$ cat run-v8.cif   # mmCIF, C-alpha atoms and all ligand atoms
data_structure
#
loop_
_atom_site.label_atom_id
_atom_site.label_comp_id
_atom_site.auth_asym_id
_atom_site.auth_seq_id
_atom_site.Cartn_x
_atom_site.Cartn_y
_atom_site.Cartn_z
CA VAL A 194 -21.15 -29.18 -4.38
CA ALA A 195 -21.45 -25.85 -2.53
CA THR A 196 -20.52 -22.81 -4.59
CA LEU A 197 -20.01 -19.12 -4.03
CA PHE A 198 -23.55 -18.49 -5.25
CA ASP A 199 -25.25 -20.68 -2.63
CA ASP A 200 -24.69 -18.20 0.16
CA PRO A 201 -26.28 -14.76 -0.28
CA LEU A 202 -23.72 -13.36 2.20
CA ASN A 203 -21.06 -13.94 -0.43
CA GLY A 204 -22.74 -11.22 -2.46
CA ARG A 205 -20.94 -8.64 -0.30
CA MET A 206 -17.31 -8.85 0.64
CA PRO A 207 -15.08 -6.34 2.47
CA LEU A 208 -13.05 -4.34 -0.02
CA TYR A 209 -9.92 -4.11 2.09
CA ASP A 210 -9.05 -4.93 5.67
CA PRO A 211 -5.51 -3.80 6.48
CA ALA A 212 -5.46 -5.88 9.67
CA ASP A 213 -6.12 -9.01 7.61
CA VAL A 214 -3.79 -8.16 4.77
CA LEU A 215 -0.83 -6.86 6.75
CA ARG A 216 -0.73 -9.88 9.01
CA ASP A 217 2.77 -9.19 10.32
CA SER A 218 2.14 -5.52 11.10
CA LEU A 219 2.02 -3.94 14.55
CA ALA A 220 -1.78 -4.18 14.47
CA ARG A 221 -1.50 -7.57 16.21
CA VAL A 222 1.26 -6.71 18.68
CA ALA A 223 0.39 -5.73 22.26
CA GLY A 224 1.91 -2.42 23.34
CA MET A 225 4.32 -2.08 26.25
CA PRO A 226 5.58 1.10 28.02
CA ARG A 227 9.21 2.00 27.35
CA ASP A 228 11.74 0.50 29.73
CA ARG A 229 14.86 2.64 29.99
CA ASN A 230 16.72 -0.37 31.44
CA CYS A 231 15.53 -2.76 28.74
CA GLN A 232 17.59 -5.89 28.15
CA ARG A 233 15.11 -7.76 25.96
CA CYS A 234 17.75 -8.38 23.29
CA PRO A 235 21.59 -8.48 23.18
CA LEU A 236 21.89 -4.84 22.02
CA GLY A 237 20.76 -3.60 25.42
CA ALA A 238 23.99 -4.75 27.12
CA ALA A 239 26.21 -2.19 25.33
CA ALA A 240 23.68 0.68 25.23
CA LYS A 241 24.11 3.65 27.51
CA ASN A 242 20.46 4.68 27.03
CA PRO A 243 18.45 1.62 26.03
CA CYS A 244 15.00 2.10 24.51
CA LEU A 245 15.89 5.61 23.44
CA VAL A 246 13.37 8.31 22.59
CA GLY A 247 15.07 10.70 20.19
CA ARG A 248 12.68 13.59 20.52
CA ASP A 249 9.54 14.12 22.58
CA GLY A 250 6.41 15.38 20.87
CA SER A 251 3.00 16.43 22.08
CA PRO A 252 0.12 13.90 21.84
CA GLY A 253 -0.97 13.38 18.23
CA ALA A 254 2.21 14.90 16.75
CA PRO A 255 3.66 13.09 13.71
CA LEU A 256 5.95 10.23 14.68
CA VAL A 257 9.24 9.58 12.88
CA VAL A 258 10.61 6.04 13.22
CA GLY A 259 14.25 5.49 12.29
CA GLY A 260 16.16 2.21 12.03
CA ASN A 261 18.23 2.43 15.21
CA PRO A 262 20.12 5.23 17.00
CA THR A 263 23.76 6.09 16.30
CA GLN A 264 26.35 5.73 19.06
CA HIS A 265 26.25 9.53 19.40
CA ASP A 266 22.47 9.53 19.89
CA ASP A 267 22.86 6.83 22.52
CA LEU A 268 25.61 8.66 24.38
CA SER A 269 23.69 11.91 24.44
CA GLY A 270 20.34 10.31 25.31
CA PHE A 271 18.39 12.02 22.51
CA LEU A 272 18.49 12.63 18.74
CA LEU A 273 21.82 14.40 18.44
CA GLU A 274 21.77 16.64 15.41
CA GLN A 275 25.13 15.50 14.10
CA GLY A 276 26.07 13.30 11.14
CA LEU A 277 23.23 11.04 9.99
CA SER A 278 20.82 12.27 12.64
CA ALA A 279 21.40 15.85 11.49
CA VAL A 280 20.38 14.83 7.98
CA VAL A 281 17.10 13.47 9.35
CA ALA A 282 16.44 16.49 11.56
CA THR A 283 17.20 18.97 8.77
CA ALA A 284 14.93 17.18 6.29
CA VAL A 285 12.08 17.03 8.82
CA LYS A 286 12.41 20.68 9.79
CA ARG A 287 12.26 21.67 6.13
CA ALA A 288 9.13 19.60 5.64
CA TRP A 289 7.27 20.29 8.87
CA ALA A 290 7.09 23.44 10.98
CA GLY A 291 5.09 21.83 13.82
CA ASP A 292 5.92 19.50 16.67
CA TRP A 293 7.16 15.92 15.96
CA ARG A 294 8.33 12.90 17.89
CA MET A 295 11.21 10.57 16.99
CA VAL A 296 11.84 7.00 18.09
CA TRP A 297 13.66 4.06 16.52
CA ALA A 298 12.41 0.66 15.44
CA VAL A 299 15.28 -0.80 17.44
CA GLY A 300 15.93 1.32 20.50
CA CYS A 301 19.67 0.62 20.97
CA PRO A 302 22.72 1.20 18.73
CA GLY A 303 24.60 -1.68 17.08
CA PRO A 304 24.13 -4.18 14.25
CA VAL A 305 20.42 -4.82 13.75
CA GLU A 306 19.16 -8.39 13.53
CA GLN A 307 15.61 -9.71 13.39
CA VAL A 308 15.72 -10.71 17.06
CA SER A 309 16.12 -7.04 18.06
CA ILE A 310 13.38 -5.86 15.69
CA ASP A 311 11.02 -8.42 17.21
CA ALA A 312 12.03 -7.66 20.80
CA CYS A 313 11.49 -3.93 20.32
CA ARG A 314 8.12 -4.09 18.54
CA PRO A 315 5.92 -3.85 21.67
CA TYR A 316 7.39 -0.38 22.34
CA LEU A 317 6.46 0.68 18.82
CA ALA A 318 2.98 -0.82 19.20
CA ALA A 319 2.46 1.46 22.21
CA GLU A 320 3.64 4.44 20.13
CA LEU A 321 1.01 3.71 17.47
CA ALA A 322 -1.70 3.11 20.06
CA ALA A 323 -1.00 6.64 21.38
CA GLY A 324 -2.51 7.93 18.11
CA PRO A 325 0.04 9.97 16.15
CA GLN A 326 -1.63 11.70 13.21
CA ARG A 327 0.88 10.06 10.84
CA VAL A 328 4.02 7.93 11.02
CA VAL A 329 7.09 8.43 8.84
CA LEU A 330 9.18 5.28 8.48
CA LEU A 331 12.83 5.84 7.60
CA GLY A 332 14.07 2.75 5.77
CA PRO A 333 13.31 -0.96 5.55
CA VAL A 334 14.01 -1.78 9.22
CA ALA A 335 11.38 0.74 10.35
CA ALA A 336 8.97 -0.49 7.66
CA GLN A 337 9.52 -4.12 8.68
CA ALA A 338 8.90 -3.31 12.33
CA VAL A 339 5.69 -1.31 11.78
CA ILE A 340 4.07 -2.56 8.55
CA GLY A 341 5.59 -6.04 8.65
CA VAL A 342 7.10 -5.71 5.15
CA ALA A 343 10.70 -4.52 4.60
CA ILE A 344 9.86 -2.09 1.80
CA ASP A 345 12.91 -0.70 0.03
CA ALA A 346 11.91 2.88 -0.81
CA ARG A 347 14.71 3.16 -3.38
CA ARG A 348 12.81 0.67 -5.54
CA LEU A 349 9.30 1.48 -4.43
CA ARG A 350 8.83 5.18 -3.74
CA ARG A 351 5.89 6.68 -1.91
CA ALA A 352 4.49 3.52 -0.41
CA TRP A 353 2.15 3.87 2.54
CA ALA A 354 -0.21 1.69 4.55
CA GLU A 355 -2.59 2.04 7.45
CA VAL A 356 -1.63 0.30 10.67
CA ARG A 357 -4.11 0.60 13.58
CA GLY A 358 -5.86 3.26 11.50
CA VAL A 359 -2.70 5.43 11.36
CA PRO A 360 -1.24 6.18 7.91
CA CYS A 361 2.42 5.14 7.79
CA PHE A 362 4.59 6.59 5.00
CA VAL A 363 7.81 4.85 3.92
CA VAL A 364 10.92 6.89 3.09
CA GLN A 365 14.43 5.77 2.19
CA ASP A 366 17.04 4.78 4.74
CA VAL A 367 19.11 7.83 5.68
CA ARG A 368 22.23 5.62 5.98
CA VAL A 369 21.99 4.93 2.25
CA THR A 370 21.06 8.40 1.04
CA ALA A 371 23.04 10.78 3.26
CA TYR A 372 26.37 10.67 1.39
CA ASN A 373 25.07 10.77 -2.19
CA ARG A 374 23.91 14.20 -3.32
CA HIS A 375 21.35 12.79 -5.77
CA LEU A 376 19.86 10.38 -3.27
CA ARG A 377 19.97 13.07 -0.61
CA LYS A 378 17.67 15.30 -2.70
CA TRP A 379 15.43 12.34 -3.23
CA PHE A 380 15.39 11.70 0.54
CA ASP A 381 14.50 15.34 1.35
CA ASN A 382 11.76 15.26 -1.24
CA ASP A 383 10.27 12.05 0.12
CA VAL A 384 10.36 13.31 3.72
CA GLN A 385 8.40 16.33 2.51
CA TRP A 386 5.86 14.02 0.87
CA ALA A 387 5.61 11.87 4.01
CA PHE A 388 4.80 14.91 6.18
CA GLN A 389 2.58 16.75 3.74
CA ALA A 390 0.69 14.05 1.80
CA PRO A 391 -3.06 14.39 2.49
CA LEU A 392 -4.29 12.12 5.25
CA THR A 393 -6.63 10.04 3.13
CA SER A 394 -7.66 6.68 4.49
CA ALA A 395 -7.48 3.47 2.51
CA PRO A 396 -10.83 2.68 0.83
CA ARG A 397 -13.25 0.81 3.08
CA GLY A 398 -16.47 -0.12 1.29
CA GLU A 399 -17.70 -3.47 0.12
CA VAL A 400 -17.48 -5.34 -3.13
CA ARG A 401 -20.89 -6.39 -4.38
CA VAL A 402 -20.92 -9.65 -6.32
CA ALA A 403 -23.77 -10.05 -8.79
CA LEU A 404 -25.41 -13.37 -8.00
CA SER A 405 -27.85 -13.31 -10.91
CA ALA A 406 -28.00 -11.99 -14.47
CA ALA A 407 -30.76 -9.55 -13.45
CA GLU A 408 -28.58 -8.13 -10.65
CA ALA A 409 -25.65 -7.79 -13.08
CA CYS A 410 -27.87 -5.82 -15.50
CA THR A 411 -29.10 -3.54 -12.69
CA LEU A 412 -25.55 -2.78 -11.54
CA LEU A 413 -24.43 -2.06 -15.11
CA SER A 414 -27.42 0.22 -15.65
CA GLU A 415 -26.25 2.42 -12.73
CA ILE A 416 -22.98 3.31 -14.50
CA LYS A 417 -22.91 7.00 -15.39
CA ARG A 418 -21.51 8.74 -18.43
CA GLY A 419 -18.68 11.23 -17.99
CA GLU A 420 -17.21 9.61 -14.85
CA ALA A 421 -14.13 7.38 -14.97
CA LEU A 422 -15.02 3.69 -14.82
CA VAL A 423 -12.45 1.10 -13.78
CA VAL A 424 -12.90 -2.06 -15.84
CA ASP A 425 -10.91 -5.08 -14.76
CA GLY A 426 -11.10 -8.63 -16.11
CA GLU A 427 -9.80 -11.73 -14.33
CA TRP A 428 -9.16 -14.80 -16.41
CA ALA A 429 -7.39 -18.13 -16.50
CA SER A 430 -4.52 -18.70 -18.94
CA SER A 431 -3.98 -15.92 -21.52
CA PRO A 432 -6.35 -14.07 -23.90
CA TRP A 433 -4.24 -15.51 -26.74
CA ALA A 434 -4.21 -19.12 -25.50
CA LYS A 435 -6.50 -21.95 -26.52
CA ASP A 436 -7.54 -22.70 -22.95
CA PHE A 437 -8.42 -19.06 -22.13
CA ARG A 438 -11.36 -18.74 -19.76
CA MET A 439 -12.87 -15.54 -18.37
CA LEU A 440 -13.53 -15.74 -14.62
CA CYS A 441 -15.16 -12.43 -13.78
CA LEU A 442 -15.30 -8.72 -14.56
CA GLY A 443 -14.85 -6.00 -11.96
CA PHE A 444 -16.24 -2.44 -12.26
CA CYS A 445 -15.81 0.62 -10.10
CA GLN A 446 -17.05 4.20 -10.40
CA ASP A 447 -17.65 4.88 -6.70
CA PRO A 448 -14.46 3.82 -4.80
CA ASP A 449 -16.58 2.47 -1.93
CA ARG A 450 -18.99 0.48 -4.13
CA PRO A 451 -17.18 -1.63 -6.69
CA PHE A 452 -18.96 -4.67 -8.10
CA VAL A 453 -18.06 -7.95 -9.72
CA ILE A 454 -19.89 -9.97 -12.35
CA PRO A 455 -18.82 -13.63 -12.35
CA ASP A 456 -18.64 -15.22 -15.78
CA GLN A 457 -21.37 -17.70 -14.77
CA MET A 458 -23.84 -14.77 -14.59
CA VAL A 459 -23.17 -13.54 -18.12
CA ASP A 460 -26.08 -14.49 -20.38
CA GLN A 461 -27.31 -12.65 -23.49
CA SER A 462 -29.00 -9.91 -21.42
CA VAL A 463 -25.75 -9.21 -19.56
CA ARG A 464 -23.75 -9.24 -22.82
CA ASP A 465 -26.11 -6.59 -24.18
CA ALA A 466 -25.75 -4.51 -21.02
CA LEU A 467 -21.97 -4.89 -21.18
CA ARG A 468 -21.98 -3.74 -24.80
CA GLY A 469 -24.06 -0.70 -23.82
CA VAL A 470 -21.48 0.38 -21.25
CA LEU A 471 -18.20 -0.79 -22.74
CA GLU A 472 -18.86 0.36 -26.28
CA ASP A 473 -20.10 3.75 -25.11
CA PRO A 474 -17.26 6.27 -25.73
CA LEU A 475 -18.85 8.69 -23.25
CA VAL A 476 -18.01 6.34 -20.37
CA PRO A 477 -14.23 6.82 -19.90
CA LYS A 478 -12.48 3.52 -19.08
CA VAL A 479 -9.38 3.18 -16.92
CA ASN A 480 -7.37 0.33 -15.45
CA GLN A 481 -3.91 -1.08 -14.90
CA TRP A 482 -2.62 -2.44 -18.29
CA ILE A 483 -6.09 -2.06 -19.75
CA LYS A 484 -5.21 -3.28 -23.21
CA SER A 485 -5.16 -6.88 -21.96
CA ASP A 486 -8.62 -6.40 -20.45
CA ARG A 487 -9.80 -5.12 -23.80
CA HIS A 488 -8.44 -8.22 -25.56
CA ALA A 489 -9.87 -10.59 -22.97
CA ILE A 490 -13.36 -9.02 -23.00
CA TRP A 491 -13.44 -9.14 -26.78
CA ARG A 492 -12.40 -12.78 -26.74
CA ALA A 493 -14.90 -13.79 -24.02
CA TYR A 494 -17.96 -11.76 -24.98
CA GLY A 495 -17.35 -10.21 -28.39
CA VAL A 496 -17.63 -6.74 -26.82
CA ASP A 497 -15.13 -4.06 -27.88
CA MET A 498 -14.06 -1.64 -25.17
CA ILE A 499 -14.17 1.91 -26.53
CA GLY A 500 -13.21 5.13 -24.72
CA ILE A 501 -10.02 4.02 -22.95
CA GLU A 502 -8.68 7.12 -21.22
CA TRP A 503 -6.10 6.11 -18.65
CA ASP A 504 -3.75 3.30 -17.75
CA THR A 505 -2.04 3.42 -14.35
CA MET A 506 0.83 1.18 -15.46
CA LEU A 507 1.68 3.38 -18.45
CA ALA A 508 1.28 6.55 -16.37
CA SER A 509 3.66 5.17 -13.74
CA LYS A 510 6.24 4.23 -16.38
CA LEU A 511 6.05 7.75 -17.81
CA GLN A 512 6.72 9.20 -14.36
CA GLU A 513 9.51 6.81 -13.35
CA SER A 514 10.61 4.59 -16.20
CA ASP A 515 13.01 2.47 -14.11
CA ALA A 516 10.63 1.80 -11.21
CA PRO A 517 8.45 -1.31 -10.95
CA ALA A 518 4.91 -0.59 -12.16
CA GLY A 519 3.12 -3.91 -11.55
CA LEU A 520 -0.07 -3.95 -9.51
CA GLY A 521 1.74 -5.46 -6.52
CA ALA A 522 4.01 -2.39 -6.45
CA LEU A 523 1.51 0.33 -7.33
CA SER A 524 -1.05 -0.81 -4.78
CA TRP A 525 1.39 0.40 -2.08
CA ARG A 526 1.07 3.92 -3.46
CA ILE A 527 -2.63 4.07 -2.58
CA GLY A 528 -2.27 2.56 0.87
CA MET A 529 -3.52 -0.88 -0.19
CA GLY A 530 -0.32 -2.86 -0.55
CA GLY A 531 0.31 -6.37 0.65
CA TYR A 532 -2.71 -8.19 -0.71
CA LYS A 533 -0.90 -9.61 -3.74
CA GLU A 534 1.72 -11.26 -1.56
CA ILE A 535 -0.88 -12.57 0.91
CA GLY A 536 -3.05 -13.89 -1.94
CA GLN A 537 -0.04 -15.65 -3.40
CA GLU A 538 0.85 -17.19 -0.01
CA ASP A 539 -2.75 -18.37 0.50
CA ALA A 540 -2.84 -19.88 -3.00
CA GLU A 541 0.43 -21.71 -2.34
CA ASP A 542 -0.83 -22.97 1.04
CA GLU A 543 -4.01 -24.30 -0.54
CA GLY A 544 -2.07 -25.80 -3.42
S1 LIG B 601 17.05 -2.95 21.14
FE1 LIG B 601 15.01 -2.72 21.98
S2 LIG B 601 14.49 -4.71 22.83
FE2 LIG B 601 16.71 -4.66 22.50
S3 LIG B 601 17.49 -4.00 24.48
FE3 LIG B 601 17.30 -2.19 23.21
S4 LIG B 601 15.28 -1.38 23.73
FE4 LIG B 601 15.36 -3.46 24.49
#

$ encode --input "run-v8.cif" --output "C-alpha cells"
Amino acid sequence: VATLFDDPLNGRMPLYDPADVLRDSLARVAGMPRDRNCQRCPLGAAAKNPCLVGRDGSPGAPLVVGGNPTQHDDLSGFLLEQGLSAVVATAVKRAWAGDWRMVWAVGCPGPVEQVSIDACRPYLAAELAAGPQRVVLLGPVAAQAVIGVAIDARRLRRAWAEVRGVPCFVVQDVRVTAYNRHLRKWFDNDVQWAFQAPLTSAPRGEVRVALSAAEACTLLSEIKRGEALVVDGEWASSPWAKDFRMLCLGFCQDPDRPFVIPDQMVDQSVRDALRGVLEDPLVPKVNQWIKSDRHAIWRAYGVDMIGIEWDTMLASKLQESDAPAGLGALSWRIGMGGYKEIGQEDAEDEG
C-alpha cells in the first residue's frame, strides 16, 4: 500500500495557494471590458446606465466594490453623493486622501439575484486584472462576487483574502449600517481599516514534512529560544477519549518554513527532542486553543508543554466576546480564509 512517506516530494507541500483554496473567486474568471449597453441579465432592461462605473480612478488606485448602484446613481451615471452613496463616499474620504475608483459587483440597480452576480463577474475580473493596489468590498454581495464567499462582516470583522495577488478587504454592507448610529461608526471604522491596513501578502512558503526520525530531530534542533513557536497537534477522537490517536504535530517559528512531524516518525529520540523544546520555558509557545494541544501531547508522548504565552482564540474573545473565534473564522483575519470549508467539502466528497 502506497503511503505519504513513499514519495520524497510529499516532504514539501505548498503552505497556501489562494487560487486553489478560493475556488469560486474571480481568480478563475476571464475578464471582459465594460459594456455600457450590457443586457447580460434581466437588470439591464430597466437600467438607464448599465454596467455603471461610479467613480474613475487612476491606474493602481484602490478599488471600492459596492453591492449594486441605487436608482439615483443609475440616473446620474456616476456615484451620486446622496443617501446611501453619500455614506460610502464620506467614509472613504475620511479614510483615504488619495485617488480611488468605485464600481459595483452588479452594475445595474434593482433586486440582486445570483444570476446577476454571475453575469457581472467578468467585468469585475477585468477590474482586478488592471491591478488596483487594494480592493475594498462593501457587503456580502461584493464579497461573493470577488472572493467567492458571501462573508457577513457583521459577524466576521476584518476578513481579507488575496485574489489574483490583490488584497481584498471585506467591510459591512452600507445598506445595513447607514441608518443605525452604532453600526455606522463601526462601518466608518472598518472602511478606515480597509484603506489603511498594511499591504501584507498571505504567507507563501512550504510546509516541510519530516519523513524520518532523524529529520524530525534536526528540525526540532533548529528551534530557537526567545522566539514565539506555534505548536499545533492534530489528532483523531478526543484527548479524553479511549480511542484517542495523535496524527501529527506542526511547528512554526519562521512563517515561511513551518514543519510537520507525523506520529509515525516519533520514536524515543524524537520524544527526547520534543521534551527538550516543549518543556523549555524559554521557548514561548502559542497556538489557537493551545490547552487542548497541551493535553493531547501529554497523552500521546508524556511531554508537558511549558511556557505557554499566547492563545489566539482567547485573545480574540477578549477583543470581541460575541464574535466567532474558531480557526475557520480567524483564518480570514490573516488573509488565509476558506481552507477549512474546502477541506470539509473535500472530506465529504471522499467520504
Ligand atoms: S447587472 Fe451586470 S450583467 Fe446584468 S445587465 Fe447590468 S451590467 Fe450587465

$ residues_near_ligand --input "run-v8.cif" --ligand "ligand LIG 601 (chain B)" --cutoff "12 Å" --atoms "all atoms listed in the file" --output "JSON, numbers by chain"
{"A": [225, 226, 227, 228, 229, 230, 231, 232, 233, 234, 235, 236, 237, 238, 239, 240, 241, 242, 243, 244, 245, 246, 260, 261, 262, 267, 296, 297, 298, 299, 300, 301, 302, 303, 304, 305, 306, 307, 308, 309, 310, 311, 312, 313, 314, 315, 316, 317, 338]}

$ closest_residue --input "run-v8.cif" --among "A:Gln481, A:Thr411, A:Gln537, A:Gln446" --to "Ser524 in chain A" --atoms "only C-alpha atoms"
A:Gln481

$ atom_distance --input "run-v8.cif" --atom1 "CA of Gly291 in chain A" --atom2 "CA of Gly250 in chain A"
9.6 Å

$ residues_around --input "run-v8.cif" --residues "Phe388 in chain A" --least-positions-apart "5" --cutoff "12 Å" --atoms "all atoms listed in the file" --output "tab-separated table (two decimals) with C-alpha atoms, keeping the file's coordinate frame"
chain	number	residue	atom	x	y	z
A	254	ALA	CA	2.21	14.90	16.75
A	255	PRO	CA	3.66	13.09	13.71
A	256	LEU	CA	5.95	10.23	14.68
A	257	VAL	CA	9.24	9.58	12.88
A	284	ALA	CA	14.93	17.18	6.29
A	285	VAL	CA	12.08	17.03	8.82
A	286	LYS	CA	12.41	20.68	9.79
A	287	ARG	CA	12.26	21.67	6.13
A	288	ALA	CA	9.13	19.60	5.64
A	289	TRP	CA	7.27	20.29	8.87
A	290	ALA	CA	7.09	23.44	10.98
A	291	GLY	CA	5.09	21.83	13.82
A	292	ASP	CA	5.92	19.50	16.67
A	293	TRP	CA	7.16	15.92	15.96
A	326	GLN	CA	-1.63	11.70	13.21
A	327	ARG	CA	0.88	10.06	10.84
A	328	VAL	CA	4.02	7.93	11.02
A	329	VAL	CA	7.09	8.43	8.84
A	330	LEU	CA	9.18	5.28	8.48
A	351	ARG	CA	5.89	6.68	-1.91
A	353	TRP	CA	2.15	3.87	2.54
A	360	PRO	CA	-1.24	6.18	7.91
A	361	CYS	CA	2.42	5.14	7.79
A	362	PHE	CA	4.59	6.59	5.00
A	363	VAL	CA	7.81	4.85	3.92
A	364	VAL	CA	10.92	6.89	3.09
A	381	ASP	CA	14.50	15.34	1.35
A	382	ASN	CA	11.76	15.26	-1.24
A	383	ASP	CA	10.27	12.05	0.12

$ residues_near_point --input "run-v8.cif" --point "(0.3, 1.2, 7.3)" --cutoff "10 Å" --atoms "only C-alpha atoms" --output "ChimeraX atom specification"
/A:211-212,215,218-220,327-328,330,336,339-342,352-363,395,525,528-530
